[in-house]
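Here is the file start_10.csv (CSV, C-alpha atoms).
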chain,number,residue,atom,x,y,z
S,1,MET,CA,102.6,63.1,108.6
S,2,PRO,CA,103.1,59.6,110.0
S,3,ILE,CA,106.7,59.4,108.8
S,4,ILE,CA,109.1,60.7,111.4
S,5,VAL,CA,112.6,61.8,110.6
S,6,ASN,CA,115.0,60.7,113.4
S,7,LEU,CA,118.0,62.5,112.0
S,8,ASP,CA,118.6,64.4,115.2
S,9,VAL,CA,118.9,61.2,117.2
S,10,MET,CA,121.4,59.8,114.7
S,11,LEU,CA,123.4,63.0,114.7
S,12,VAL,CA,123.7,62.9,118.5
S,13,LYS,CA,124.7,59.2,118.3
S,14,ARG,CA,127.4,59.9,115.7
S,15,ASN,CA,128.4,63.1,117.5
S,16,MET,CA,128.0,65.1,114.3
S,17,LYS,CA,126.6,68.6,113.7
S,18,SER,CA,123.8,69.1,111.2
S,19,LYS,CA,125.9,71.7,109.3
S,20,GLU,CA,128.7,69.2,109.0
S,21,LEU,CA,126.4,66.5,107.6
S,22,ALA,CA,124.9,69.0,105.2
S,23,GLU,CA,128.3,69.7,103.8
S,24,ILE,CA,129.2,66.0,103.5
S,25,ILE,CA,126.0,65.1,101.7
S,26,GLY,CA,126.0,68.2,99.6
S,27,ILE,CA,122.7,69.9,100.6
S,28,THR,CA,122.1,73.4,102.0
S,29,THR,CA,121.7,74.0,105.7
S,30,ALA,CA,118.2,75.3,104.9
S,31,ASN,CA,117.3,72.0,103.3
S,32,MET,CA,118.8,70.2,106.2
S,33,SER,CA,116.6,72.2,108.5
S,34,ILE,CA,113.5,71.3,106.5
S,35,LEU,CA,114.5,67.6,106.7
S,36,LYS,CA,115.2,67.7,110.4
S,37,SER,CA,112.0,69.6,111.2
S,38,GLY,CA,109.9,67.0,109.3
S,39,LYS,CA,108.6,69.6,106.9
S,40,ALA,CA,110.1,67.7,103.9
S,41,ARG,CA,107.5,66.2,101.5
S,42,ALA,CA,109.9,63.7,100.0
S,43,VAL,CA,113.4,62.4,100.3
S,44,ARG,CA,115.4,61.4,97.2
S,45,PHE,CA,117.1,58.0,97.3
S,46,SER,CA,120.4,59.7,96.5
S,47,THR,CA,120.0,61.9,99.6
S,48,LEU,CA,119.0,59.0,101.7
S,49,GLU,CA,122.0,57.0,100.4
S,50,ALA,CA,124.4,59.9,101.2
S,51,ILE,CA,123.0,60.3,104.7
S,52,CYS,CA,123.3,56.6,105.4
S,53,LYS,CA,126.8,56.6,104.1
S,54,ALA,CA,127.8,59.6,106.2
S,55,LEU,CA,126.2,58.4,109.4
S,56,ASP,CA,127.0,54.8,108.8
S,57,CYS,CA,123.4,53.7,109.4
S,58,GLN,CA,120.4,52.1,107.7
S,59,PRO,CA,117.4,54.1,106.3
S,60,ALA,CA,115.2,52.6,109.1
S,61,ASP,CA,117.5,54.4,111.6
S,62,ILE,CA,116.5,57.7,110.1
S,63,LEU,CA,112.9,57.2,109.0
S,64,GLU,CA,110.2,55.7,111.2
S,65,TYR,CA,106.5,55.1,110.6
S,66,ILE,CA,104.1,55.9,113.4
S,67,GLU,CA,100.4,55.4,112.9
S,68,GLU,CA,98.3,58.5,113.5
F,1,MET,CA,114.6,85.1,79.1
F,2,LYS,CA,115.2,88.6,80.6
F,3,ASP,CA,115.7,90.1,77.1
F,4,ASN,CA,112.4,88.5,75.9
F,5,THR,CA,110.7,89.9,79.0
F,6,GLN,CA,112.1,93.4,78.2
F,7,VAL,CA,110.9,93.2,74.6
F,8,LEU,CA,107.4,92.0,75.7
F,9,THR,CA,107.3,94.8,78.3
F,10,ILE,CA,108.1,97.4,75.6
F,11,ILE,CA,105.4,96.0,73.3
F,12,THR,CA,102.9,95.9,76.1
F,13,TRP,CA,103.7,99.5,77.0
F,14,ALA,CA,103.3,100.5,73.3
F,15,ILE,CA,99.9,98.8,73.1
F,16,LEU,CA,98.8,100.3,76.4
F,17,LEU,CA,99.8,103.9,75.5
F,18,SER,CA,98.3,103.7,72.0
F,19,SER,CA,95.0,102.3,73.4
F,20,VAL,CA,94.9,105.0,76.0
F,21,SER,CA,95.6,107.7,73.5
F,22,ILE,CA,92.9,106.4,71.1
F,23,LEU,CA,90.4,106.2,74.0
F,24,LEU,CA,91.3,109.8,75.1
F,25,ASN,CA,91.0,111.0,71.6
F,26,ASP,CA,87.5,109.4,71.2
F,27,MET,CA,86.5,110.9,74.6
F,28,ARG,CA,87.7,114.3,73.4
F,29,GLU,CA,85.5,114.1,70.3
F,30,PHE,CA,82.6,113.0,72.4
F,31,ASP,CA,80.6,116.0,73.6
F,32,PHE,CA,80.3,115.5,77.4
F,33,ASN,CA,78.7,118.9,77.8
F,34,GLN,CA,75.5,117.3,76.7
F,35,PHE,CA,75.2,115.8,80.2
F,36,LYS,CA,74.6,119.3,81.5
F,37,GLU,CA,71.8,119.8,79.0
F,38,PHE,CA,70.3,116.5,80.1
F,39,GLN,CA,70.2,117.7,83.7
F,40,ASN,CA,68.4,120.9,82.7
F,41,TRP,CA,66.0,118.8,80.6
F,42,ALA,CA,65.4,116.5,83.5
F,43,ARG,CA,64.5,119.4,85.8
F,44,THR,CA,62.0,120.9,83.3
F,45,ALA,CA,60.6,117.7,81.9
F,46,ASP,CA,56.9,117.1,81.9
F,47,LYS,CA,56.4,114.4,84.6
F,48,ASN,CA,53.1,113.3,83.1
F,49,GLU,CA,54.7,112.3,79.8
F,50,SER,CA,55.6,108.7,79.5
F,51,TRP,CA,59.3,108.3,80.0
F,52,PHE,CA,59.9,105.5,77.5
F,53,THR,CA,58.2,107.3,74.6
F,54,SER,CA,59.9,110.6,75.3
F,55,GLN,CA,62.2,111.5,72.5
F,56,ASN,CA,64.5,113.2,75.0
F,57,ALA,CA,64.7,110.2,77.1
F,58,ILE,CA,65.6,108.0,74.1
F,59,LYS,CA,68.2,110.5,73.0
F,60,TRP,CA,69.8,110.6,76.4
F,61,SER,CA,69.7,106.9,77.0
F,62,TYR,CA,71.5,106.5,73.7
F,63,TYR,CA,74.0,109.2,74.8
F,64,ALA,CA,74.5,107.6,78.3
F,65,ILE,CA,75.1,104.2,76.8
F,66,SER,CA,77.6,105.6,74.4
F,67,ALA,CA,79.4,107.1,77.4
F,68,GLY,CA,79.2,103.7,79.1
F,69,LEU,CA,81.1,102.1,76.3
F,70,PHE,CA,84.0,104.4,77.1
F,71,PHE,CA,84.0,103.1,80.7
F,72,TRP,CA,84.3,99.5,79.5
F,73,ARG,CA,87.0,100.3,77.0
F,74,GLY,CA,88.9,101.9,79.8
F,75,TYR,CA,88.3,98.8,81.9
F,76,LEU,CA,89.8,96.6,79.2
F,77,ILE,CA,92.9,98.8,79.0
F,78,TYR,CA,93.2,98.4,82.8
F,79,GLY,CA,93.1,94.7,82.2
F,80,PHE,CA,96.0,95.0,79.7
F,81,SER,CA,98.0,96.7,82.4
F,82,TYR,CA,98.0,93.4,84.4
F,83,PHE,CA,100.3,92.0,81.6
F,84,LEU,CA,103.0,94.4,82.9
F,85,SER,CA,102.6,93.1,86.4
F,86,ILE,CA,102.9,89.5,85.2
F,87,LEU,CA,106.0,90.4,83.1
F,88,LYS,CA,107.5,92.1,86.3
F,89,GLU,CA,107.0,88.9,88.2
F,90,VAL,CA,108.6,86.8,85.4
F,91,GLU,CA,111.6,89.2,85.2
F,92,VAL,CA,112.4,88.6,88.9
F,93,GLY,CA,112.0,84.8,88.4
F,94,ASN,CA,108.7,84.3,90.2
F,95,TYR,CA,107.1,82.3,87.3
F,96,PHE,CA,104.5,80.4,89.3
F,97,SER,CA,103.7,83.0,92.0
F,98,GLU,CA,100.4,83.5,93.7
F,99,LYS,CA,100.4,87.0,92.2
F,100,ASN,CA,100.6,85.7,88.6
F,101,ILE,CA,97.7,83.2,89.3
F,102,LYS,CA,95.6,86.2,90.6
F,103,TYR,CA,96.6,88.4,87.6
F,104,PHE,CA,95.6,85.7,85.1
F,105,ARG,CA,92.2,85.3,86.8
F,106,LYS,CA,91.7,89.1,86.8
F,107,ILE,CA,92.6,89.4,83.1
F,108,GLY,CA,90.1,86.5,82.4
F,109,ASN,CA,87.4,88.3,84.4
F,110,ILE,CA,88.0,91.6,82.7
F,111,PHE,CA,88.0,90.2,79.2
F,112,ILE,CA,84.8,88.3,79.7
F,113,ALA,CA,83.1,91.1,81.7
F,114,TYR,CA,84.1,93.6,78.9
F,115,THR,CA,82.6,91.4,76.1
F,116,ILE,CA,79.4,90.6,78.0
F,117,ASN,CA,78.8,94.3,78.9
F,118,ILE,CA,79.7,95.6,75.4
F,119,LEU,CA,77.2,93.1,74.0
F,120,VAL,CA,74.5,94.3,76.5
F,121,LEU,CA,75.2,97.9,75.8
F,122,ARG,CA,75.1,97.4,72.0
F,123,PHE,CA,71.8,95.6,72.4
F,124,LEU,CA,70.5,98.6,74.5
F,125,LEU,CA,71.9,101.0,71.9
F,126,ALA,CA,70.1,99.1,69.1
F,127,ALA,CA,66.9,99.0,71.2
F,128,THR,CA,66.9,102.8,71.9
F,129,ASN,CA,67.8,103.4,68.2
F,130,LYS,CA,65.0,101.0,67.2
F,131,SER,CA,67.4,99.3,64.9
F,132,ALA,CA,67.7,95.5,64.5
F,133,PHE,CA,70.1,93.8,66.9
F,134,ASN,CA,71.3,90.4,65.8
F,135,PHE,CA,73.0,88.7,68.7
F,136,PHE,CA,74.9,86.2,66.5
F,137,ASN,CA,76.1,88.9,64.2
F,138,GLU,CA,77.4,90.8,67.3
F,139,LEU,CA,79.1,87.6,68.4
F,140,LYS,CA,80.9,87.4,65.1
F,141,THR,CA,82.4,90.9,65.4
F,142,GLU,CA,86.0,91.1,66.1
F,143,PHE,CA,85.8,91.9,69.9
F,144,THR,CA,84.3,88.6,70.8
F,145,PHE,CA,87.7,86.9,70.5
F,146,LEU,CA,88.1,88.2,74.0
F,147,ILE,CA,85.7,85.5,75.4
F,148,PRO,CA,88.0,82.6,74.3
F,149,ALA,CA,91.0,84.7,75.4
F,150,GLY,CA,89.4,85.2,78.8
F,151,LEU,CA,88.7,81.5,79.1
F,152,ALA,CA,92.3,80.8,78.1
F,153,PHE,CA,93.5,83.0,80.9
F,154,TYR,CA,91.3,81.1,83.4
F,155,ILE,CA,92.9,77.9,82.1
F,156,LEU,CA,96.4,79.4,82.4
F,157,ALA,CA,95.6,80.4,86.0
F,158,GLU,CA,94.5,76.9,86.8
F,159,ILE,CA,97.7,75.5,85.2
F,160,PHE,CA,99.9,77.9,87.1
F,161,LYS,CA,98.1,77.0,90.3
F,162,HIS,CA,99.0,73.3,89.8
F,163,ALA,CA,102.5,74.3,88.6
F,164,LYS,CA,103.0,76.3,91.9
F,165,LYS,CA,101.9,73.3,93.9
F,166,ALA,CA,104.4,71.1,92.0
F,167,GLU,CA,107.1,73.7,92.5
F,168,ASP,CA,106.4,73.9,96.2
F,169,GLU,CA,106.5,70.1,96.4
F,170,ASN,CA,109.8,70.1,94.5
F,171,LYS,CA,111.3,72.6,96.9
F,172,LEU,CA,110.4,70.4,99.8
F,173,THR,CA,112.0,67.3,98.2
F,174,ILE,CA,115.4,66.9,99.7
Entire entry expressed as structure tokens:
Amino acid sequence: MPIIVNLDVMLVKRNMKSKELAEIIGITTANMSILKSGKARAVRFSTLEAICKALDCQPADILEYIEE
Amino acid sequence: MKDNTQVLTIITWAILLSSVSILLNDMREFDFNQFKEFQNWARTADKNESWFTSQNAIKWSYYAISAGLFFWRGYLIYGFSYFLSILKEVEVGNYFSEKNIKYFRKIGNIFIAYTINILVLRFLLAATNKSAFNFFNELKTEFTFLIPAGLAFYILAEIFKHAKKAEDENKLTI
């Protein structure tokens, strides 16, 4: 998939653990793992909004398009 | 949902058991010992005599086809048993599982195979009996509803296949 999820990078920048972020945005750690590993097929706007709010960043900081 | 599943399971068991008991009763009434007589006849039969015109051959082909009908009835009952497997999957919450898709296809196959084979056997029976066989009259008989039922199960399998895909996609939407 040409869309890359850079959640790991943002978590390191904000010095936050993925479990912590999962609790804040209200998703399970299993779903957080799916999101981080790039296995997710889609991201809801509400989830994206919650992630951006929790990490104080823009959607572009998390999602990146790389041509295959 | 669980209560409904239990009621359906009980009904399916009742249908299965009554079908099996009817089949076993019919088989009990059918004289299988005649097969032994047929073997004896086959050993002593005149090899020069034309097989197709032999009265014995006609009698035994009629007999063998009647026995073949039992096999297909048993096969249909086996098909009904897949309903129990589907209900079991539904009970544990696996509505759109790969197993259910496979079971629906199998039921469709069995229903259609049963109807086609029964039609062929009835045609052969009529041929050996030298009686008239009307294909359209046979199609009108009550058992042919299994063809649309079989097709309906193929359609269900296809719908469930797409539903499973949608469910998987939904699971991967965060």
Please find the residues of chain F near chain S - the criterion being any atom within 6 Å, counting only C-alpha atoms - and write them as a JSON list (two decimals) with C-alpha atoms, keeping the file's coordinate frame.
[["chain", "number", "residue", "atom", "x", "y", "z"],
["F", 172, "LEU", "CA", 110.40, 70.40, 99.80],
["F", 173, "THR", "CA", 112.00, 67.30, 98.20],
["F", 174, "ILE", "CA", 115.40, 66.90, 99.70]]
Which residues come within 10 Å of Leu11 of chain S, counting only C-alpha atoms, excluding same-chain residues fewer than 5 positions away, as number ranges by chain?
S: 6, 16-18, 20-21, 55, 62
Counting all atoms listed in the file, which residues sit no farther than 12 Å from the position (99.9, 88.8, 91.2) in the file's frame? I'd like them as a PyMOL selection string.
chain F and resi 81-90+94-107+157+160-161
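Between atom CA of Leu63 of chain S and atom CA of Leu7 of chain S there is a distance of 7.9 Å.
Pairwise distance (atom CA of Asn25 of chain F, atom CA of Gly150 of chain F) equals 26.8 Å.
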Could you please determine the separation between atom CA of Leu146 of chain F and atom CA of Tyr78 of chain F in Å, to one decimal place?
14.4 Å
Hey, what's within 12 Å of Asn117 of chain F if we count all atoms listed in the file and toss same-chain stuff fewer than 3 positions away? As a PyMOL selection string, please?
chain F and resi 65+68-73+75-76+109-114+120-125+143-144+147
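Among S:Glu68, S:Cys52, S:Gln58, S:Lys36, the residue with the shortest atom-to-atom distance to Val5 of chain S, counting only C-alpha atoms, is S:Lys36.
Distances to Asp26 of chain F were evaluated for F:Leu8, F:Ala163, F:Ala14, F:Ala67 using only C-alpha atoms, and the minimum falls at F:Ala67.
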